[in-house]
Amino acid sequence: MNDPQLNVGDIAALFDRARLRMARELRGLTQVQLAREVGSVTAASISQFENGHTKPAASTLRRLAVALRVPPSFFAAPARLPANDQANGFFRSLRSTSPRDRQQALAYVHLARELALELEKHVALPELNVPRIPIYEGKPLQPADIEQAAAQVRAHWNISRGPIRDVVRLLEINGIVVVRFRVGIEKVDAFCVDFPDRPVVALGADKGLRDRSRFDAAHELGHLVLHGISGKIGDKVTESQAHEFAAAFLMPSIDIKSELPRQLDWPAFLRLKAKWHVSLASLLVRAKTLGVMSEHTYAQGWKALSVRGWRKVEPGALGNPEAPVLLHRALELMETTGMSFADFINRSSLPEADVRTLLSRDISERPRVEL
């Protein structure tokens, strides 16, 4: 456990190279930029600190803490297993996101895991309960397999038939940490990291659409269920499978197939959107996937979405996105035991401003003008 009473010399002895890298990536800095900020070390020295070849002296540690806006004790190794260095995020597209943006987003997710594990010292979080349905190498996963996997998860979690009321709450109840954070990172969509102790799903804080956000959460669940640590990152097949899982999870064939229109009946689609809390585009794709709608009608429907501008802004707004509550409620419960937030931050040695960023509820949907 990090001890805020440790002096800088003790912290230097307990220096954890992974913590330095996490702090640097939280700030979106390269090793060269950090060296320039610190002013008395070279980029080569920073590299050696992060590779574990050398440790910074106490005086250097102080300057690193100031430059990176973390308490010096943040750099001391916590008394638990570190996160797997190979625990990468399932990002939608590696081409559309810069490595630095991905690294910064990943650093926040690593911090979310740290926050959850620190909270678990004081309160009991829901046990992790994610069924794993592995993909066997050499055996291509068929659409029917993905439909079955989604049905298995719904059965395992005792989800009643019909629409899921709150996807984010469902993930949290089953031990998955869900966060939204706004850190000025452009083009980083929702993603997840499958830490063995606490998987974390990060939902983009810039998406003010309830339907898209629910689909994002179900998509990331698909990665955890189907792909785990061994899945290929940014792979088109991997992403397509997670998309199919999300559709099957949110709109089970057994329930929705008989409700989907064969023709482009937009009032009917809007009623289904309001019932299932999914987008018109998702419903259109589901109608084609389940064989309700012909390829020709589907193509006409997709053209209509484009012509009407509905691919960007759909009619039938559903309200604000689902909000994660697990970390907030854990903190509130902890405070009833006599541990204040300030004491918790001090004991955990986590950077307070970044913890507050992770807990930010800064997401809303502006009222949309309906014409």
# chains A, B, ... in the order shown; residues from 1 in each chain; ligands from 1

call {"tool": "select_by_dssp", "arguments": {"residues": "stretch 57-306 of chain A", "states": "strand (DSSP E or B)", "output": "PyMOL selection string"}}
result
chain A and resi 76+89+177-181+191-193+200-204

call {"tool": "residues_around", "arguments": {"residues": "stretch 337-354 of chain A", "least_positions_apart": "5", "cutoff": "12 Å", "atoms": "only C-alpha atoms", "output": "PyMOL selection string"}}
result
chain A and resi 1-6+11+19+22-23+26-27+65-66+68-79+104-105+107-123+181-183+328+330-332+359-360

call {"tool": "write_last_selection", "arguments": {"atoms": "N, CA and C atoms", "output": "compact mmCIF listing (two decimals), in the first residue's frame"}}
result
# COMPACT_ATOMS: atom_id res chain seq x y z
N MET A 1 0.85 -1.20 0.00
CA MET A 1 0.00 0.00 0.00
C MET A 1 0.87 1.24 0.00
N ASN A 2 0.47 2.23 -0.78
CA ASN A 2 1.19 3.50 -0.76
C ASN A 2 0.99 4.17 0.58
N ASP A 3 2.04 4.71 1.15
CA ASP A 3 1.97 5.37 2.45
C ASP A 3 2.31 6.84 2.26
N PRO A 4 1.33 7.73 2.48
CA PRO A 4 1.60 9.15 2.27
C PRO A 4 2.68 9.69 3.20
N GLN A 5 3.01 8.91 4.28
CA GLN A 5 4.03 9.37 5.21
C GLN A 5 5.45 9.04 4.72
N LEU A 6 5.56 8.28 3.65
CA LEU A 6 6.89 7.94 3.13
C LEU A 6 7.63 9.21 2.73
N ILE A 11 10.35 6.69 -1.28
CA ILE A 11 9.58 6.56 -2.52
C ILE A 11 10.52 6.24 -3.68
N ARG A 19 4.32 3.42 -13.04
CA ARG A 19 3.62 4.61 -12.56
C ARG A 19 4.13 5.87 -13.26
N MET A 22 2.57 5.86 -16.69
CA MET A 22 1.15 6.19 -16.61
C MET A 22 0.96 7.70 -16.43
N ALA A 23 1.74 8.29 -15.52
CA ALA A 23 1.62 9.73 -15.26
C ALA A 23 1.99 10.54 -16.50
N LEU A 26 -0.85 10.18 -18.99
CA LEU A 26 -2.02 10.96 -18.55
C LEU A 26 -1.91 12.40 -19.02
N ARG A 27 -0.69 12.91 -19.03
CA ARG A 27 -0.47 14.30 -19.45
C ARG A 27 -0.28 14.44 -20.96
N ALA A 65 7.38 14.78 -10.15
CA ALA A 65 6.05 14.89 -9.54
C ALA A 65 5.43 16.25 -9.84
N VAL A 66 6.24 17.30 -9.76
CA VAL A 66 5.75 18.65 -10.06
C VAL A 66 5.35 18.76 -11.53
N LEU A 68 4.51 16.46 -13.61
CA LEU A 68 3.41 15.58 -14.00
C LEU A 68 2.16 15.78 -13.15
N ARG A 69 2.22 16.71 -12.19
CA ARG A 69 1.07 17.04 -11.35
C ARG A 69 0.50 15.82 -10.63
N VAL A 70 1.39 15.05 -10.02
CA VAL A 70 0.99 13.91 -9.19
C VAL A 70 1.74 14.02 -7.86
N PRO A 71 1.20 13.46 -6.77
CA PRO A 71 1.96 13.45 -5.52
C PRO A 71 3.19 12.55 -5.68
N PRO A 72 4.32 12.88 -5.04
CA PRO A 72 5.51 12.03 -5.16
C PRO A 72 5.22 10.57 -4.83
N SER A 73 4.33 10.34 -3.84
CA SER A 73 4.04 8.96 -3.43
C SER A 73 3.34 8.16 -4.52
N PHE A 74 2.81 8.83 -5.55
CA PHE A 74 2.20 8.12 -6.67
C PHE A 74 3.20 7.18 -7.33
N PHE A 75 4.50 7.55 -7.27
CA PHE A 75 5.53 6.75 -7.95
C PHE A 75 5.95 5.50 -7.17
N ALA A 76 5.48 5.36 -5.93
CA ALA A 76 5.84 4.17 -5.15
C ALA A 76 4.97 2.99 -5.59
N ALA A 77 5.59 1.83 -5.72
CA ALA A 77 4.86 0.64 -6.18
C ALA A 77 3.76 0.27 -5.20
N PRO A 78 2.52 0.10 -5.66
CA PRO A 78 1.45 -0.33 -4.76
C PRO A 78 1.64 -1.79 -4.38
N ALA A 79 1.12 -2.16 -3.23
CA ALA A 79 1.30 -3.54 -2.75
C ALA A 79 0.25 -4.45 -3.36
N GLN A 104 -3.04 8.14 -23.94
CA GLN A 104 -3.63 8.96 -22.89
C GLN A 104 -4.95 8.35 -22.41
N ALA A 105 -5.77 7.90 -23.34
CA ALA A 105 -7.03 7.26 -22.97
C ALA A 105 -6.77 5.99 -22.15
N ALA A 107 -4.18 5.39 -20.30
CA ALA A 107 -3.66 5.78 -18.99
C ALA A 107 -4.82 6.09 -18.04
N TYR A 108 -5.85 6.76 -18.56
CA TYR A 108 -7.01 7.05 -17.72
C TYR A 108 -7.74 5.78 -17.31
N VAL A 109 -7.78 4.80 -18.20
CA VAL A 109 -8.43 3.54 -17.87
C VAL A 109 -7.61 2.75 -16.84
N HIS A 110 -6.28 2.79 -16.97
CA HIS A 110 -5.43 2.17 -15.94
C HIS A 110 -5.68 2.85 -14.59
N LEU A 111 -5.85 4.18 -14.62
CA LEU A 111 -6.12 4.91 -13.38
C LEU A 111 -7.49 4.51 -12.81
N ALA A 112 -8.47 4.29 -13.68
CA ALA A 112 -9.79 3.86 -13.22
C ALA A 112 -9.69 2.51 -12.51
N ARG A 113 -8.88 1.60 -13.05
CA ARG A 113 -8.66 0.31 -12.38
C ARG A 113 -8.02 0.54 -11.01
N GLU A 114 -7.00 1.41 -10.96
CA GLU A 114 -6.34 1.71 -9.69
C GLU A 114 -7.35 2.27 -8.68
N LEU A 115 -8.21 3.18 -9.15
CA LEU A 115 -9.21 3.78 -8.27
C LEU A 115 -10.15 2.71 -7.71
N ALA A 116 -10.61 1.80 -8.59
CA ALA A 116 -11.51 0.73 -8.14
C ALA A 116 -10.82 -0.17 -7.12
N LEU A 117 -9.57 -0.53 -7.36
CA LEU A 117 -8.85 -1.41 -6.44
C LEU A 117 -8.58 -0.72 -5.10
N GLU A 118 -8.34 0.58 -5.13
CA GLU A 118 -8.16 1.32 -3.87
C GLU A 118 -9.48 1.38 -3.10
N LEU A 119 -10.58 1.60 -3.82
CA LEU A 119 -11.89 1.65 -3.16
C LEU A 119 -12.23 0.31 -2.52
N GLU A 120 -11.77 -0.78 -3.14
CA GLU A 120 -12.07 -2.11 -2.61
C GLU A 120 -11.39 -2.40 -1.28
N LYS A 121 -10.46 -1.55 -0.90
CA LYS A 121 -9.87 -1.68 0.44
C LYS A 121 -10.85 -1.23 1.52
N HIS A 122 -11.86 -0.45 1.11
CA HIS A 122 -12.78 0.15 2.08
C HIS A 122 -14.22 -0.33 1.93
N VAL A 123 -14.63 -0.68 0.71
CA VAL A 123 -16.00 -1.14 0.47
C VAL A 123 -15.95 -2.34 -0.47
N PHE A 181 -15.02 9.92 -19.50
CA PHE A 181 -14.15 11.03 -19.13
C PHE A 181 -13.95 11.94 -20.33
N ARG A 182 -13.84 13.21 -20.02
CA ARG A 182 -13.64 14.22 -21.06
C ARG A 182 -12.26 14.82 -20.82
N VAL A 183 -11.31 14.45 -21.65
CA VAL A 183 -9.94 14.94 -21.47
C VAL A 183 -9.41 15.60 -22.75
N HIS A 328 -19.01 6.38 -8.04
CA HIS A 328 -19.62 7.41 -7.21
C HIS A 328 -20.21 6.81 -5.94
N ALA A 330 -19.61 3.93 -4.55
CA ALA A 330 -18.56 3.34 -3.69
C ALA A 330 -17.92 4.42 -2.83
N LEU A 331 -17.66 5.58 -3.43
CA LEU A 331 -17.08 6.70 -2.67
C LEU A 331 -18.05 7.20 -1.60
N GLU A 332 -19.32 7.32 -1.97
CA GLU A 332 -20.32 7.78 -1.00
C GLU A 332 -20.43 6.80 0.17
N LEU A 359 -14.55 10.81 -12.42
CA LEU A 359 -15.86 10.82 -11.79
C LEU A 359 -16.79 11.86 -12.38
N SER A 360 -16.29 12.62 -13.37
CA SER A 360 -17.07 13.71 -13.95
C SER A 360 -18.35 13.19 -14.59

call {"tool": "residues_around", "arguments": {"residues": "A:Gln33", "least_positions_apart": "5", "cutoff": "10 Å", "atoms": "only C-alpha atoms", "output": "list in words"}}
result
Arg24, Gly28, Val38, Gly39, Thr42 and Ala43 of chain A

call {"tool": "write_last_selection", "arguments": {"atoms": "N, CA, C and O atoms", "output": "compact mmCIF listing (two decimals), in the first residue's frame"}}
result
# COMPACT_ATOMS: atom_id res chain seq x y z
N ARG A 24 3.03 10.12 -17.20
CA ARG A 24 3.45 10.84 -18.41
C ARG A 24 2.36 10.75 -19.48
O ARG A 24 2.04 11.75 -20.15
N GLY A 28 -0.27 13.32 -21.68
CA GLY A 28 -0.12 13.37 -23.13
C GLY A 28 1.25 13.82 -23.58
O GLY A 28 1.39 14.44 -24.64
N VAL A 38 10.76 18.93 -17.07
CA VAL A 38 11.50 18.74 -15.82
C VAL A 38 12.72 19.64 -15.80
O VAL A 38 13.07 20.24 -14.78
N GLY A 39 13.41 19.71 -16.93
CA GLY A 39 14.51 20.65 -17.07
C GLY A 39 15.88 20.16 -16.65
O GLY A 39 16.88 20.77 -16.99
N THR A 42 17.44 14.13 -19.14
CA THR A 42 17.35 13.93 -20.59
C THR A 42 16.24 12.95 -20.92
O THR A 42 15.79 12.19 -20.05
N ALA A 43 15.82 12.96 -22.17
CA ALA A 43 14.83 11.99 -22.62
C ALA A 43 15.36 10.57 -22.46
O ALA A 43 14.60 9.64 -22.13

call {"tool": "closest_residue", "arguments": {"among": "A:Asp166, A:Glu50, A:Glu127, A:Asp255", "to": "A:Ala218", "atoms": "only C-alpha atoms"}}
result
A:Asp166

call {"tool": "closest_atom_pairs", "arguments": {"of": "stretch 195-263 of chain A", "to": "stretch 283-290 of chain A", "cutoff": "8 Å", "atoms": "only C-alpha atoms", "output": "JSON lines"}}
result
{"residue": "A:Ala247", "atom": "CA", "partner": "A:Arg286", "partner_atom": "CA", "distance": 7.0}
{"residue": "A:Met251", "atom": "CA", "partner": "A:Arg286", "partner_atom": "CA", "distance": 7.9}
{"residue": "A:Ser253", "atom": "CA", "partner": "A:Leu290", "partner_atom": "CA", "distance": 7.2}
{"residue": "A:Lys257", "atom": "CA", "partner": "A:Leu290", "partner_atom": "CA", "distance": 6.8}
{"residue": "A:Leu260", "atom": "CA", "partner": "A:Ala287", "partner_atom": "CA", "distance": 6.1}
{"residue": "A:Pro261", "atom": "CA", "partner": "A:Ala287", "partner_atom": "CA", "distance": 7.5}
{"residue": "A:Arg262", "atom": "CA", "partner": "A:Ala287", "partner_atom": "CA", "distance": 7.5}

call {"tool": "write_last_selection", "arguments": {"atoms": "N, CA and C atoms", "output": "compact mmCIF listing (two decimals), in the first residue's frame"}}
result
# COMPACT_ATOMS: atom_id res chain seq x y z
N ALA A 247 -25.80 -6.08 -31.20
CA ALA A 247 -27.13 -6.10 -31.80
C ALA A 247 -27.96 -7.25 -31.23
N MET A 251 -31.11 -6.58 -28.98
CA MET A 251 -32.34 -6.88 -29.74
C MET A 251 -32.40 -8.38 -30.05
N SER A 253 -33.25 -11.94 -31.23
CA SER A 253 -34.08 -12.39 -32.36
C SER A 253 -35.44 -12.89 -31.90
N LYS A 257 -37.78 -10.07 -33.80
CA LYS A 257 -37.94 -10.43 -35.22
C LYS A 257 -39.37 -10.20 -35.71
N LEU A 260 -40.21 -6.32 -36.34
CA LEU A 260 -39.53 -5.52 -37.37
C LEU A 260 -40.33 -5.46 -38.66
N PRO A 261 -40.51 -4.27 -39.24
CA PRO A 261 -41.26 -4.16 -40.50
C PRO A 261 -40.44 -4.64 -41.70
N ARG A 262 -41.15 -5.21 -42.65
CA ARG A 262 -40.47 -5.68 -43.87
C ARG A 262 -40.21 -4.51 -44.83

call {"tool": "residues_around", "arguments": {"residues": "A:Ala281", "least_positions_apart": "3", "cutoff": "9 Å", "atoms": "only C-alpha atoms", "output": "PyMOL selection string"}}
result
chain A and resi 278+284-286+301-302+305+310-311+314

call {"tool": "write_last_selection", "arguments": {"atoms": "N, CA, C and O atoms", "output": "mmCIF file, in the first residue's frame"}}
result
data_model
loop_
_atom_site.group_PDB
_atom_site.id
_atom_site.type_symbol
_atom_site.label_atom_id
_atom_site.label_comp_id
_atom_site.auth_asym_id
_atom_site.auth_seq_id
_atom_site.Cartn_x
_atom_site.Cartn_y
_atom_site.Cartn_z
ATOM 1 N N VAL A 278 -32.648 1.874 -29.144
ATOM 2 C CA VAL A 278 -31.551 1.671 -30.103
ATOM 3 C C VAL A 278 -31.816 2.604 -31.282
ATOM 4 O O VAL A 278 -32.926 3.119 -31.441
ATOM 5 N N LEU A 284 -32.538 -1.020 -38.635
ATOM 6 C CA LEU A 284 -32.503 -1.328 -40.063
ATOM 7 C C LEU A 284 -31.548 -2.495 -40.335
ATOM 8 O O LEU A 284 -31.891 -3.449 -41.062
ATOM 9 N N VAL A 285 -30.371 -2.426 -39.745
ATOM 10 C CA VAL A 285 -29.383 -3.502 -39.909
ATOM 11 C C VAL A 285 -29.933 -4.812 -39.341
ATOM 12 O O VAL A 285 -29.778 -5.880 -39.942
ATOM 13 N N ARG A 286 -30.598 -4.722 -38.176
ATOM 14 C CA ARG A 286 -31.148 -5.938 -37.547
ATOM 15 C C ARG A 286 -32.213 -6.572 -38.427
ATOM 16 O O ARG A 286 -32.291 -7.806 -38.540
ATOM 17 N N GLY A 301 -33.412 1.855 -47.641
ATOM 18 C CA GLY A 301 -33.514 2.436 -46.308
ATOM 19 C C GLY A 301 -32.267 3.207 -45.933
ATOM 20 O O GLY A 301 -32.331 4.299 -45.347
ATOM 21 N N TRP A 302 -31.117 2.632 -46.275
ATOM 22 C CA TRP A 302 -29.845 3.295 -45.949
ATOM 23 C C TRP A 302 -29.711 4.603 -46.743
ATOM 24 O O TRP A 302 -29.222 5.599 -46.215
ATOM 25 N N LEU A 305 -31.863 7.218 -45.055
ATOM 26 C CA LEU A 305 -31.214 7.766 -43.857
ATOM 27 C C LEU A 305 -30.235 8.873 -44.247
ATOM 28 O O LEU A 305 -30.159 9.917 -43.588
ATOM 29 N N TRP A 310 -30.369 11.663 -41.459
ATOM 30 C CA TRP A 310 -30.562 10.893 -40.226
ATOM 31 C C TRP A 310 -29.342 10.066 -39.829
ATOM 32 O O TRP A 310 -29.297 9.541 -38.716
ATOM 33 N N ARG A 311 -28.367 9.952 -40.726
ATOM 34 C CA ARG A 311 -27.149 9.229 -40.330
ATOM 35 C C ARG A 311 -26.337 10.060 -39.339
ATOM 36 O O ARG A 311 -25.537 9.530 -38.581
ATOM 37 N N GLU A 314 -30.604 11.585 -35.898
ATOM 38 C CA GLU A 314 -31.863 10.868 -36.088
ATOM 39 C C GLU A 314 -33.003 11.571 -35.358
ATOM 40 O O GLU A 314 -32.778 12.237 -34.338
#

call {"tool": "residues_around", "arguments": {"residues": "A:Arg17", "least_positions_apart": "3", "cutoff": "10 Å", "atoms": "only C-alpha atoms", "output": "VMD selection string"}}
result
chain A and resid 14 20 to 22 46 to 56 75 to 77

call {"tool": "closest_atom_pairs", "arguments": {"of": "stretch 96-149 of chain A", "to": "stretch 172-179 of chain A", "cutoff": "6 Å", "atoms": "only C-alpha atoms", "output": "tab-separated table"}}
result
residue	atom	partner	partner_atom	distance
A:Pro126	CA	A:Gly175	CA	4.9
A:Glu127	CA	A:Gly175	CA	5.1
A:Leu128	CA	A:Gly175	CA	4.1
A:Asn129	CA	A:Asn174	CA	5.0

call {"tool": "write_last_selection", "arguments": {"atoms": "N, CA, C and O atoms", "output": "CSV table (one decimal), in the first residue's frame"}}
result
chain,number,residue,atom,x,y,z
A,126,PRO,N,-19.2,-5.0,-6.5
A,126,PRO,CA,-19.9,-6.2,-7.0
A,126,PRO,C,-18.8,-7.2,-7.6
A,126,PRO,O,-17.8,-6.8,-8.2
A,127,GLU,N,-19.0,-8.5,-7.3
A,127,GLU,CA,-18.0,-9.5,-7.8
A,127,GLU,C,-18.1,-9.5,-9.3
A,127,GLU,O,-19.1,-9.3,-10.0
A,128,LEU,N,-16.9,-9.8,-9.9
A,128,LEU,CA,-16.8,-9.9,-11.4
A,128,LEU,C,-17.5,-11.1,-11.8
A,128,LEU,O,-17.3,-12.2,-11.4
A,129,ASN,N,-18.5,-10.9,-12.8
A,129,ASN,CA,-19.3,-12.0,-13.2
A,129,ASN,C,-19.6,-11.9,-14.7
A,129,ASN,O,-20.7,-11.6,-15.2

call {"tool": "decode", "arguments": {"residues": "stretch 118-140 of chain A", "atoms": "N, CA, C and O atoms", "output": "PDB file, in the first residue's frame"}}
result
ATOM      1  N   GLU A 118      -8.342   0.581  -5.131  1.00  0.00           N
ATOM      2  CA  GLU A 118      -8.163   1.325  -3.873  1.00  0.00           C
ATOM      3  C   GLU A 118      -9.480   1.384  -3.099  1.00  0.00           C
ATOM      4  O   GLU A 118      -9.500   1.233  -1.874  1.00  0.00           O
ATOM      5  N   LEU A 119     -10.580   1.601  -3.824  1.00  0.00           N
ATOM      6  CA  LEU A 119     -11.886   1.650  -3.159  1.00  0.00           C
ATOM      7  C   LEU A 119     -12.229   0.310  -2.516  1.00  0.00           C
ATOM      8  O   LEU A 119     -12.873   0.263  -1.461  1.00  0.00           O
ATOM      9  N   GLU A 120     -11.772  -0.777  -3.145  1.00  0.00           N
ATOM     10  CA  GLU A 120     -12.070  -2.115  -2.614  1.00  0.00           C
ATOM     11  C   GLU A 120     -11.391  -2.396  -1.281  1.00  0.00           C
ATOM     12  O   GLU A 120     -11.735  -3.353  -0.602  1.00  0.00           O
ATOM     13  N   LYS A 121     -10.462  -1.553  -0.896  1.00  0.00           N
ATOM     14  CA  LYS A 121      -9.866  -1.682   0.436  1.00  0.00           C
ATOM     15  C   LYS A 121     -10.849  -1.230   1.520  1.00  0.00           C
ATOM     16  O   LYS A 121     -10.684  -1.564   2.683  1.00  0.00           O
ATOM     17  N   HIS A 122     -11.857  -0.448   1.113  1.00  0.00           N
ATOM     18  CA  HIS A 122     -12.782   0.148   2.079  1.00  0.00           C
ATOM     19  C   HIS A 122     -14.218  -0.330   1.934  1.00  0.00           C
ATOM     20  O   HIS A 122     -14.964  -0.355   2.907  1.00  0.00           O
ATOM     21  N   VAL A 123     -14.633  -0.676   0.713  1.00  0.00           N
ATOM     22  CA  VAL A 123     -15.998  -1.145   0.472  1.00  0.00           C
ATOM     23  C   VAL A 123     -15.949  -2.340  -0.473  1.00  0.00           C
ATOM     24  O   VAL A 123     -14.981  -2.521  -1.217  1.00  0.00           O
ATOM     25  N   ALA A 124     -16.995  -3.150  -0.432  1.00  0.00           N
ATOM     26  CA  ALA A 124     -17.070  -4.327  -1.315  1.00  0.00           C
ATOM     27  C   ALA A 124     -17.782  -3.943  -2.605  1.00  0.00           C
ATOM     28  O   ALA A 124     -18.947  -3.534  -2.576  1.00  0.00           O
ATOM     29  N   LEU A 125     -17.082  -4.049  -3.724  1.00  0.00           N
ATOM     30  CA  LEU A 125     -17.690  -3.802  -5.028  1.00  0.00           C
ATOM     31  C   LEU A 125     -18.327  -5.103  -5.529  1.00  0.00           C
ATOM     32  O   LEU A 125     -17.988  -6.193  -5.064  1.00  0.00           O
ATOM     33  N   PRO A 126     -19.246  -5.011  -6.488  1.00  0.00           N
ATOM     34  CA  PRO A 126     -19.855  -6.242  -7.023  1.00  0.00           C
ATOM     35  C   PRO A 126     -18.784  -7.191  -7.566  1.00  0.00           C
ATOM     36  O   PRO A 126     -17.799  -6.756  -8.156  1.00  0.00           O
ATOM     37  N   GLU A 127     -18.997  -8.478  -7.318  1.00  0.00           N
ATOM     38  CA  GLU A 127     -18.033  -9.469  -7.819  1.00  0.00           C
ATOM     39  C   GLU A 127     -18.067  -9.504  -9.343  1.00  0.00           C
ATOM     40  O   GLU A 127     -19.118  -9.330  -9.960  1.00  0.00           O
ATOM     41  N   LEU A 128     -16.890  -9.766  -9.926  1.00  0.00           N
ATOM     42  CA  LEU A 128     -16.809  -9.860 -11.382  1.00  0.00           C
ATOM     43  C   LEU A 128     -17.540 -11.115 -11.848  1.00  0.00           C
ATOM     44  O   LEU A 128     -17.273 -12.222 -11.379  1.00  0.00           O
ATOM     45  N   ASN A 129     -18.476 -10.908 -12.767  1.00  0.00           N
ATOM     46  CA  ASN A 129     -19.324 -12.009 -13.223  1.00  0.00           C
ATOM     47  C   ASN A 129     -19.563 -11.873 -14.722  1.00  0.00           C
ATOM     48  O   ASN A 129     -20.652 -11.558 -15.178  1.00  0.00           O
ATOM     49  N   VAL A 130     -18.496 -12.097 -15.490  1.00  0.00           N
ATOM     50  CA  VAL A 130     -18.582 -11.974 -16.945  1.00  0.00           C
ATOM     51  C   VAL A 130     -18.350 -13.346 -17.573  1.00  0.00           C
ATOM     52  O   VAL A 130     -17.251 -13.886 -17.482  1.00  0.00           O
ATOM     53  N   PRO A 131     -19.373 -13.930 -18.184  1.00  0.00           N
ATOM     54  CA  PRO A 131     -19.159 -15.229 -18.839  1.00  0.00           C
ATOM     55  C   PRO A 131     -18.210 -15.087 -20.020  1.00  0.00           C
ATOM     56  O   PRO A 131     -18.305 -14.127 -20.795  1.00  0.00           O
ATOM     57  N   ARG A 132     -17.267 -15.990 -20.125  1.00  0.00           N
ATOM     58  CA  ARG A 132     -16.303 -15.948 -21.230  1.00  0.00           C
ATOM     59  C   ARG A 132     -16.646 -17.039 -22.225  1.00  0.00           C
ATOM     60  O   ARG A 132     -16.747 -18.212 -21.877  1.00  0.00           O
ATOM     61  N   ILE A 133     -16.816 -16.636 -23.460  1.00  0.00           N
ATOM     62  CA  ILE A 133     -17.145 -17.587 -24.522  1.00  0.00           C
ATOM     63  C   ILE A 133     -16.025 -17.486 -25.543  1.00  0.00           C
ATOM     64  O   ILE A 133     -16.076 -16.658 -26.459  1.00  0.00           O
ATOM     65  N   PRO A 134     -14.970 -18.275 -25.347  1.00  0.00           N
ATOM     66  CA  PRO A 134     -13.760 -18.082 -26.157  1.00  0.00           C
ATOM     67  C   PRO A 134     -13.949 -18.413 -27.626  1.00  0.00           C
ATOM     68  O   PRO A 134     -14.773 -19.249 -27.992  1.00  0.00           O
ATOM     69  N   ILE A 135     -13.157 -17.714 -28.430  1.00  0.00           N
ATOM     70  CA  ILE A 135     -13.113 -17.992 -29.863  1.00  0.00           C
ATOM     71  C   ILE A 135     -11.928 -18.919 -30.106  1.00  0.00           C
ATOM     72  O   ILE A 135     -10.807 -18.627 -29.695  1.00  0.00           O
ATOM     73  N   TYR A 136     -12.180 -20.044 -30.738  1.00  0.00           N
ATOM     74  CA  TYR A 136     -11.105 -20.994 -30.974  1.00  0.00           C
ATOM     75  C   TYR A 136     -10.398 -20.675 -32.284  1.00  0.00           C
ATOM     76  O   TYR A 136     -11.036 -20.446 -33.309  1.00  0.00           O
ATOM     77  N   GLU A 137      -9.080 -20.611 -32.211  1.00  0.00           N
ATOM     78  CA  GLU A 137      -8.283 -20.318 -33.408  1.00  0.00           C
ATOM     79  C   GLU A 137      -8.559 -21.372 -34.478  1.00  0.00           C
ATOM     80  O   GLU A 137      -8.679 -22.562 -34.189  1.00  0.00           O
ATOM     81  N   GLY A 138      -8.653 -20.934 -35.692  1.00  0.00           N
ATOM     82  CA  GLY A 138      -8.836 -21.878 -36.796  1.00  0.00           C
ATOM     83  C   GLY A 138     -10.287 -22.234 -37.045  1.00  0.00           C
ATOM     84  O   GLY A 138     -10.610 -22.884 -38.029  1.00  0.00           O
ATOM     85  N   LYS A 139     -11.169 -21.823 -36.127  1.00  0.00           N
ATOM     86  CA  LYS A 139     -12.586 -22.109 -36.317  1.00  0.00           C
ATOM     87  C   LYS A 139     -13.339 -20.786 -36.409  1.00  0.00           C
ATOM     88  O   LYS A 139     -13.576 -20.137 -35.393  1.00  0.00           O
ATOM     89  N   PRO A 140     -13.661 -20.346 -37.612  1.00  0.00           N
ATOM     90  CA  PRO A 140     -14.311 -19.037 -37.767  1.00  0.00           C
ATOM     91  C   PRO A 140     -15.619 -18.979 -36.982  1.00  0.00           C
ATOM     92  O   PRO A 140     -16.401 -19.930 -36.973  1.00  0.00           O
TER      93      PRO A 140
END
